[in-house]
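Next up, query.cif (mmCIF, C-alpha atoms):
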```cif
data_coords
loop_
_atom_site.label_atom_id
_atom_site.label_comp_id
_atom_site.auth_asym_id
_atom_site.auth_seq_id
_atom_site.Cartn_x
_atom_site.Cartn_y
_atom_site.Cartn_z
CA MET A 130 31.37 121.27 366.01
CA PHE A 131 31.64 118.31 363.68
CA ARG A 132 34.16 116.47 365.80
CA GLN A 133 31.70 113.70 366.54
CA ALA A 134 30.14 113.65 363.10
CA SER A 135 32.17 110.83 361.62
CA ARG A 136 31.49 108.65 364.66
CA LEU A 137 27.75 109.39 364.57
CA VAL A 138 27.52 108.73 360.86
CA SER A 139 29.28 105.39 361.07
CA ARG A 140 27.18 104.40 364.09
CA SER A 141 23.88 105.11 362.35
CA ILE A 142 24.94 102.97 359.43
CA THR A 143 25.98 99.99 361.54
CA ALA A 144 22.86 100.27 363.70
CA LYS A 145 20.69 100.30 360.62
CA SER A 146 22.26 97.24 359.06
CA ALA A 147 21.94 95.33 362.33
CA THR A 148 18.26 96.04 362.96
CA ASN A 149 16.80 96.33 359.47
CA ARG A 150 16.09 93.14 357.65
CA ALA A 151 16.92 93.02 353.99
CA PHE A 152 14.10 93.24 351.48
CA SER A 153 13.40 90.02 349.68
CA THR A 154 14.80 91.52 346.48
CA GLU A 155 18.14 91.99 348.24
CA VAL A 156 18.70 88.25 348.58
CA PRO A 157 21.64 87.41 346.33
CA SER A 158 20.34 85.77 343.21
CA THR A 159 21.12 82.10 342.81
CA ILE A 160 19.37 81.49 339.50
CA ASP A 161 21.55 80.56 336.57
CA SER A 162 23.36 83.28 334.67
CA SER A 163 21.90 82.52 331.21
CA PHE A 164 18.40 83.12 332.61
CA VAL A 165 19.53 86.40 334.22
CA GLU A 166 21.04 87.55 330.92
CA ALA A 167 17.89 86.68 328.98
CA TRP A 168 15.79 88.45 331.64
CA LYS A 169 17.97 91.60 331.40
CA LYS A 170 17.40 91.69 327.61
CA VAL A 171 13.62 91.52 327.94
CA ALA A 172 13.16 93.58 331.11
CA PRO A 173 16.23 95.75 331.70
CA ASN A 174 14.52 97.80 334.44
CA MET A 175 13.33 94.88 336.56
CA ASP A 176 15.29 92.63 338.89
CA PRO A 177 15.17 88.95 338.00
CA PRO A 178 12.52 87.10 340.07
CA GLN A 179 13.42 85.17 343.21
CA THR A 180 12.79 81.47 343.39
CA PRO A 181 12.09 79.41 346.52
CA SER A 182 15.63 78.04 346.39
CA SER A 183 17.02 81.52 347.04
CA PHE A 184 15.12 81.60 350.36
CA MET A 185 15.39 77.99 351.48
CA LYS A 186 18.31 75.65 351.47
CA PRO A 187 17.48 72.53 349.46
CA ARG A 188 17.31 69.27 351.38
CA PRO A 189 20.51 67.20 351.28
CA SER A 190 20.31 64.46 348.68
CA THR A 191 20.11 60.81 349.62
CA ALA A 192 23.62 59.52 350.20
CA SER A 193 24.56 56.17 348.63
CA SER A 194 25.82 54.85 351.97
CA ILE A 195 23.71 55.13 355.11
CA PRO A 196 24.88 58.02 357.32
CA THR A 197 25.76 57.30 360.95
CA LYS A 198 23.43 59.94 362.36
CA LEU A 199 19.76 60.77 361.96
CA THR A 200 18.86 64.44 361.50
CA VAL A 201 15.77 65.35 363.50
CA ASN A 202 13.56 68.39 363.22
CA PHE A 203 11.00 68.42 366.01
CA VAL A 204 8.54 71.30 365.86
CA LEU A 205 5.59 72.49 367.92
CA PRO A 206 3.19 75.30 366.99
CA TYR A 207 4.94 77.65 369.43
CA ALA A 208 8.53 76.41 369.44
CA SER A 209 11.18 74.61 367.48
CA GLU A 210 12.22 71.96 369.99
CA LEU A 211 14.96 70.31 367.90
CA SER A 212 16.24 71.85 364.72
CA GLY A 213 18.52 69.81 362.48
CA LYS A 214 19.83 67.90 365.47
CA GLU A 215 22.00 64.87 364.72
CA VAL A 216 21.04 61.93 366.92
CA ASP A 217 21.51 58.15 366.92
CA MET A 218 17.87 57.11 367.13
CA VAL A 219 14.38 58.35 367.91
CA ILE A 220 11.51 56.18 369.10
CA ILE A 221 8.15 57.64 368.09
CA PRO A 222 4.69 56.62 369.30
CA ALA A 223 3.02 55.79 365.97
CA THR A 224 -0.63 54.67 365.90
CA THR A 225 0.66 51.27 364.77
CA GLY A 226 2.96 50.98 367.81
CA GLN A 227 6.24 52.34 369.09
CA MET A 228 8.53 52.84 366.12
CA GLY A 229 12.31 53.02 366.36
CA VAL A 230 13.83 55.22 363.68
CA LEU A 231 17.49 54.77 362.77
CA PRO A 232 19.48 56.41 359.96
CA GLY A 233 18.51 54.91 356.60
CA HIS A 234 14.91 54.19 357.58
CA VAL A 235 12.51 53.66 354.67
CA PRO A 236 10.59 56.85 353.82
CA THR A 237 7.29 56.81 355.71
CA ILE A 238 4.61 59.11 357.07
CA ALA A 239 3.39 58.00 360.48
CA GLU A 240 0.49 59.35 362.51
CA LEU A 241 1.38 59.74 366.17
CA LYS A 242 -0.75 58.76 369.13
CA PRO A 243 -0.38 60.13 372.67
CA GLY A 244 2.78 58.55 374.04
CA ILE A 245 6.50 58.83 374.73
CA MET A 246 8.92 59.99 372.12
CA SER A 247 12.53 59.35 373.10
CA VAL A 248 15.57 60.86 371.47
CA HIS A 249 18.73 58.75 371.85
CA GLU A 250 22.05 60.51 371.56
CA GLY A 251 24.92 58.31 372.66
CA THR A 252 24.06 57.37 376.24
CA ASP A 253 21.84 60.43 376.58
CA ILE A 254 18.08 59.76 376.32
CA LYS A 255 15.64 62.65 376.28
CA LYS A 256 11.99 61.69 376.72
CA TYR A 257 9.03 63.81 375.63
CA PHE A 258 5.32 63.12 375.95
CA VAL A 259 3.60 64.05 372.68
CA SER A 260 -0.18 64.54 372.46
CA SER A 261 -0.64 63.79 368.76
CA GLY A 262 0.91 64.68 365.45
CA PHE A 263 2.77 63.30 362.48
CA ALA A 264 6.27 62.09 361.70
CA PHE A 265 7.70 62.38 358.21
CA LEU A 266 10.69 60.13 357.63
CA HIS A 267 12.62 61.05 354.52
CA ALA A 268 14.90 58.86 352.44
CA ASN A 269 17.92 61.05 353.24
CA SER A 270 17.82 60.14 356.96
CA VAL A 271 15.98 63.32 357.92
CA ALA A 272 12.99 62.99 360.25
CA ASP A 273 10.46 65.80 360.59
CA ILE A 274 8.30 65.33 363.66
CA ILE A 275 5.33 67.62 364.18
CA ALA A 276 3.26 67.61 367.35
CA VAL A 277 0.45 69.79 368.72
CA GLU A 278 1.77 69.60 372.27
CA ALA A 279 4.93 67.94 373.55
CA VAL A 280 6.39 68.26 377.02
CA PRO A 281 9.43 66.79 378.74
CA LEU A 282 8.23 63.72 380.64
CA GLU A 283 9.43 65.05 384.02
CA ASN A 284 7.03 68.03 383.73
CA ILE A 285 3.94 65.80 384.01
CA ASP A 286 2.19 65.70 387.38
CA ALA A 287 1.35 62.09 388.33
CA SER A 288 -1.45 63.07 390.74
CA GLN A 289 -3.23 65.09 388.02
CA VAL A 290 -2.96 62.10 385.68
CA GLN A 291 -4.59 59.79 388.26
CA LYS A 292 -7.35 62.33 388.87
CA GLY A 293 -7.98 62.77 385.14
CA LEU A 294 -8.00 59.01 384.51
CA ALA A 295 -10.60 58.43 387.24
CA GLU A 296 -12.72 61.35 385.98
CA PHE A 297 -12.78 60.18 382.37
CA THR A 298 -13.35 56.51 383.24
CA GLN A 299 -16.43 57.62 385.14
CA LYS A 300 -17.49 59.92 382.26
CA LEU A 301 -17.15 57.06 379.80
CA ALA A 302 -19.55 54.96 381.86
CA SER A 303 -22.16 57.74 382.08
CA ALA A 304 -21.84 59.05 378.49
CA THR A 305 -25.04 58.89 376.45
CA THR A 306 -24.33 60.35 373.00
CA ASP A 307 -21.69 59.12 370.56
CA LEU A 308 -19.79 62.39 370.80
CA GLU A 309 -19.67 62.31 374.61
CA LYS A 310 -18.51 58.71 374.48
CA ALA A 311 -15.74 59.58 372.03
CA GLU A 312 -14.61 62.53 374.16
CA ALA A 313 -14.49 60.36 377.27
CA GLN A 314 -12.68 57.65 375.31
CA ILE A 315 -10.02 60.16 374.21
CA GLY A 316 -9.68 61.28 377.84
CA VAL A 317 -9.16 57.72 379.03
CA GLU A 318 -6.64 56.98 376.27
CA VAL A 319 -4.57 60.13 376.81
CA HIS A 320 -4.48 59.69 380.59
CA SER A 321 -3.65 55.98 380.42
CA ALA A 322 -0.84 56.79 377.98
CA MET A 323 0.52 59.38 380.44
CA ASN A 324 0.13 56.93 383.29
CA ALA A 325 1.98 54.21 381.39
CA ALA A 326 4.68 56.71 380.40
CA LEU A 327 5.25 57.77 384.00
CA SER A 328 5.25 54.25 385.47
CA GLY A 329 7.22 52.61 382.65
CA MET B 78 -13.22 58.49 346.88
CA ALA B 79 -14.38 57.27 350.24
CA SER B 80 -12.17 54.76 351.92
CA ASN B 81 -13.68 51.56 353.29
CA ALA B 82 -10.91 51.19 355.86
CA ALA B 83 -11.81 51.15 359.55
CA VAL B 84 -12.02 54.69 360.92
CA PRO B 85 -10.87 55.74 364.38
CA PHE B 86 -13.62 55.91 367.02
CA TRP B 87 -13.47 59.72 367.24
CA ARG B 88 -13.95 59.98 363.47
CA ALA B 89 -16.96 57.66 363.67
CA ALA B 90 -18.45 60.01 366.28
CA GLY B 91 -18.21 62.93 363.84
CA MET B 92 -15.04 64.56 365.17
CA THR B 93 -12.39 65.96 362.87
CA TYR B 94 -8.68 65.31 363.30
CA ILE B 95 -8.19 68.93 364.42
CA THR B 96 -10.81 68.54 367.17
CA TYR B 97 -9.29 65.26 368.25
CA SER B 98 -5.71 66.53 368.38
CA ASN B 99 -6.74 69.72 370.19
CA ILE B 100 -8.57 67.70 372.87
CA CYS B 101 -5.48 65.50 373.30
CA ALA B 102 -3.19 68.54 373.57
CA ASN B 103 -5.49 70.19 376.11
CA LEU B 104 -5.60 67.10 378.31
CA VAL B 105 -1.80 66.92 378.30
CA ARG B 106 -1.53 70.61 379.22
CA ASN B 107 -3.92 70.12 382.14
CA CYS B 108 -1.70 67.40 383.60
CA LEU B 109 1.46 69.51 383.77
CA LYS B 110 3.24 70.56 386.95
CA GLU B 111 3.26 74.22 387.86
CA PRO B 112 4.69 76.58 386.58
CA PHE B 113 4.68 74.80 383.19
CA LYS B 114 0.90 74.34 383.34
CA GLY B 115 0.18 78.06 383.72
CA GLU B 116 2.60 78.86 380.93
CA ALA B 117 1.09 76.31 378.56
CA LEU B 118 -2.50 77.35 379.28
CA ASN B 119 -1.68 81.05 378.93
CA ARG B 120 -0.09 80.43 375.55
CA GLU B 121 -3.36 78.97 374.26
CA LYS B 122 -5.51 81.95 375.26
CA VAL B 123 -7.22 83.78 372.43
CA HIS B 124 -9.11 87.04 372.30
CA PHE B 125 -10.56 89.03 369.48
CA SER B 126 -13.29 91.58 368.82
CA ILE B 127 -15.91 91.30 366.12
CA SER B 128 -18.04 94.11 364.79
CA LYS B 129 -20.75 93.73 362.20
CA TRP B 130 -21.03 96.38 359.53
CA ALA B 131 -24.43 97.93 358.82
CA ASP B 132 -25.06 100.81 356.35
CA GLY B 133 -21.33 101.24 355.81
CA LYS B 134 -20.61 101.76 359.52
CA PRO B 135 -19.29 99.33 362.10
CA GLU B 136 -21.64 98.46 364.96
CA LYS B 137 -20.49 98.10 368.56
CA PRO B 138 -17.74 95.47 368.66
CA ILE B 139 -18.26 92.23 370.60
CA LEU B 140 -15.24 91.13 372.58
CA ARG B 141 -14.50 87.41 372.79
CA SER B 142 -11.81 86.57 375.33
CA ASP B 143 -10.45 83.59 377.30
CA THR B 144 -9.03 86.01 379.88
CA PRO B 145 -11.77 87.34 382.19
CA GLY B 146 -11.86 91.11 382.60
CA VAL B 147 -10.01 91.98 379.40
#
```
Reformat the file's structure so that it appears as structure tokens.
Amino acid sequence: MFRQASRLVSRSITAKSATNRAFSTEVPSTIDSSFVEAWKKVAPNMDPPQTPSSFMKPRPSTASSIPTKLTVNFVLPYASELSGKEVDMVIIPATTGQMGVLPGHVPTIAELKPGIMSVHEGTDIKKYFVSSGFAFLHANSVADIIAVEAVPLENIDASQVQKGLAEFTQKLASATTDLEKAEAQIGVEVHSAMNAALSG
Amino acid sequence: MASNAAVPFWRAAGMTYITYSNICANLVRNCLKEPFKGEALNREKVHFSISKWADGKPEKPILRSDTPGV
């Protein structure tokens, strides 16, 4: 009758550990032992509190020599396009112009305009079209790039771009209010950027 | 402290950065090839229902949806 019991019991345990996520209190404590001891004296019935560093790995410190690779995190609201990827260079479309970022770049925050972002990895070049966003370049050769929408360049339809460019150029000419003018201006800029990206 | 620096044209027209970046993102999505376009536009769809409360009871909810017939 209980022939299968041991198998069933062990299965339920393994299944549980695989599907259930640990509670936050189950994260192994990384705070220093003297604090834990002092905490235990004051509040013996409570677990010591968790700090952000027990949930997130701290950023690597700035090395004294410049590393050979740049670590890129490229995130969109719905996806993590590149996560901690080590590349040679990225070229980002900053509002001040195309900006090449190599390892050891000075720390900067750059606003992005609609344009091409290319990721260079050896001889491999991956091109994305980003709509807008920000790039955070850290001193430790880590670049965080955040965009609202970014698509691989080959996914853009050239005929739609031409159509949109014509439509917004016409709208810009007929716009009456400031807001309409600005909207048409954005349309023209985004479509010309896409056009330039596809032809260049 | 207000900055005296030149502001972008969309800011001068009273737009916020969020409005501006959402317009840009939408224009890019509309220029995609199928099936990527459908995917991208579907991802942005939003629907929710609102109901006002009167005398401690909810009134009939109002449905706001980007998908017709939902």
* Neighbour list for Ser142 in chain B as an MDAnalysis selection string, cut-off 7 Å, all atoms listed in the file, skip fewer than 6 positions in-chain -> chainID B and resid 123:125
Distance query Leu109 in chain B at most 9 Å, all atoms listed in the file, self and fewer than 4 positions along chain excluded, as a compact mmCIF listing (two decimals) with C-alpha atoms, in the coordinates of the input:
```txt
# COMPACT_ATOMS: atom_id res chain seq x y z
CA VAL A 280 6.39 68.26 377.02
CA ASN A 284 7.03 68.03 383.73
CA ILE A 285 3.94 65.80 384.01
CA ASP A 286 2.19 65.70 387.38
CA ALA A 287 1.35 62.09 388.33
CA GLN A 289 -3.23 65.09 388.02
CA VAL A 290 -2.96 62.10 385.68
CA VAL B 105 -1.80 66.92 378.30
CA PHE B 113 4.68 74.80 383.19
CA LYS B 114 0.90 74.34 383.34
CA GLY B 115 0.18 78.06 383.72
CA ALA B 117 1.09 76.31 378.56
```
* To do: Counting only C-alpha atoms, collect the residues of chain B whose closest atom lies at most 9 Å from chain A, and write them out as a list in words.
  =>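 Residues passing the distance filter: Phe86, Trp87, Arg88, Ala89, Ala90, Gly91, Met92, Tyr97, Ser98, Asn99, Ile100, Cys101, Ala102, Asn103, Leu104, Val105, Arg106, Asn107, Cys108, Leu109, Lys110, Glu111, Phe113, Lys114 and Arg120 of chain B.
CA of Leu205 in chain A sits 28.6 Å away from CA of Ile127 in chain B.
What the PyMOL selection byres ((chain A and resi 246) around 8) matches in the given file is Val219, Ile220, Ile221, Pro222, Gly244, Ile245, Ser247, Val248, Lys256, Tyr257, Phe258 and Val259 of chain A.
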* Excluding Ser194 in chain A and any residue of its chain fewer than 3 positions from it, enumerate the residues within 10 Å of it, using all atoms listed in the file, and give them as an MDAnalysis selection string. => chainID A and resid 191 197 233
Using C-alpha atoms, can you export the residues from the last selection as a short mmCIF file (atom, residue, chain, number, x, y, z; two decimals), in the coordinates of the input?
```
data_model
loop_
_atom_site.label_atom_id
_atom_site.label_comp_id
_atom_site.auth_asym_id
_atom_site.auth_seq_id
_atom_site.Cartn_x
_atom_site.Cartn_y
_atom_site.Cartn_z
CA THR A 191 20.11 60.81 349.62
CA THR A 197 25.76 57.30 360.95
CA GLY A 233 18.51 54.91 356.60
#
```
Report, as AutoDock Vina command-line options, the centre and edge lengths in Å (one decimal) of the axis-aligned box enclosing every listed atom of range 314-329 of chain A, padded by 6 Å on each side.
```
--center_x -2.7 --center_y 56.9 --center_z 379.8 --size_x 31.9 --size_y 20.7 --size_z 23.3
```
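What the PyMOL selection byres ((chain A and resi 188) around 10) picks from this file is Met185, Lys186, Pro187, Pro189, Ser190, Thr191, His267, Asn269 and Val271 of chain A.
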Might you pull out every residue within 12 Å of Phe164 in chain A, with only C-alpha atoms counted and same-chain residues fewer than 6 positions away left off, and present them as a PDB file with C-alpha atoms, in the coordinates of the input?
```
ATOM      1  CA  SER A 158      20.340  85.770 343.210  1.00  0.00           C
ATOM      2  CA  LYS A 170      17.400  91.690 327.610  1.00  0.00           C
ATOM      3  CA  VAL A 171      13.620  91.520 327.940  1.00  0.00           C
ATOM      4  CA  ALA A 172      13.160  93.580 331.110  1.00  0.00           C
ATOM      5  CA  ASP A 176      15.290  92.630 338.890  1.00  0.00           C
ATOM      6  CA  PRO A 177      15.170  88.950 338.000  1.00  0.00           C
ATOM      7  CA  PRO A 178      12.520  87.100 340.070  1.00  0.00           C
ATOM      8  CA  GLN A 179      13.420  85.170 343.210  1.00  0.00           C
TER       9      GLN A 179
END
```
* Point (13.2, 66.8, 367.2), cut-off 7 Å, counting all atoms listed in the file, residues as a PyMOL selection string -> chain A and resi 201-204+210-212+214+274
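Put simply, CA of Lys122 in chain B is 17.2 Å away from CA of Ile95 in chain B.
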* Asked: What lies within 7 Å of range 234-236 of chain A using only C-alpha atoms, ignoring chain neighbours under 4 positions off, as a PyMOL selection string?
  -> chain A and resi 230+266-268+270
* To do: For CA of Phe184 in chain A and CA of Ser162 in chain A, quote the distance in Å rounded to one decimal.
  => 17.8 Å
* Which residue gives the smallest distance to Ser126 in chain B among B:Tyr94, B:Pro112, B:Arg141, B:Val84, with only C-alpha atoms counted? -> B:Arg141
* Determine, counting all atoms listed in the file, every residue of protein, DNA or RNA that lies within 7 Å of (-10.0, 59.0, 383.0) in the file coordinates, then give the result as a ChimeraX atom specification. => /A:293-299,316-317,320
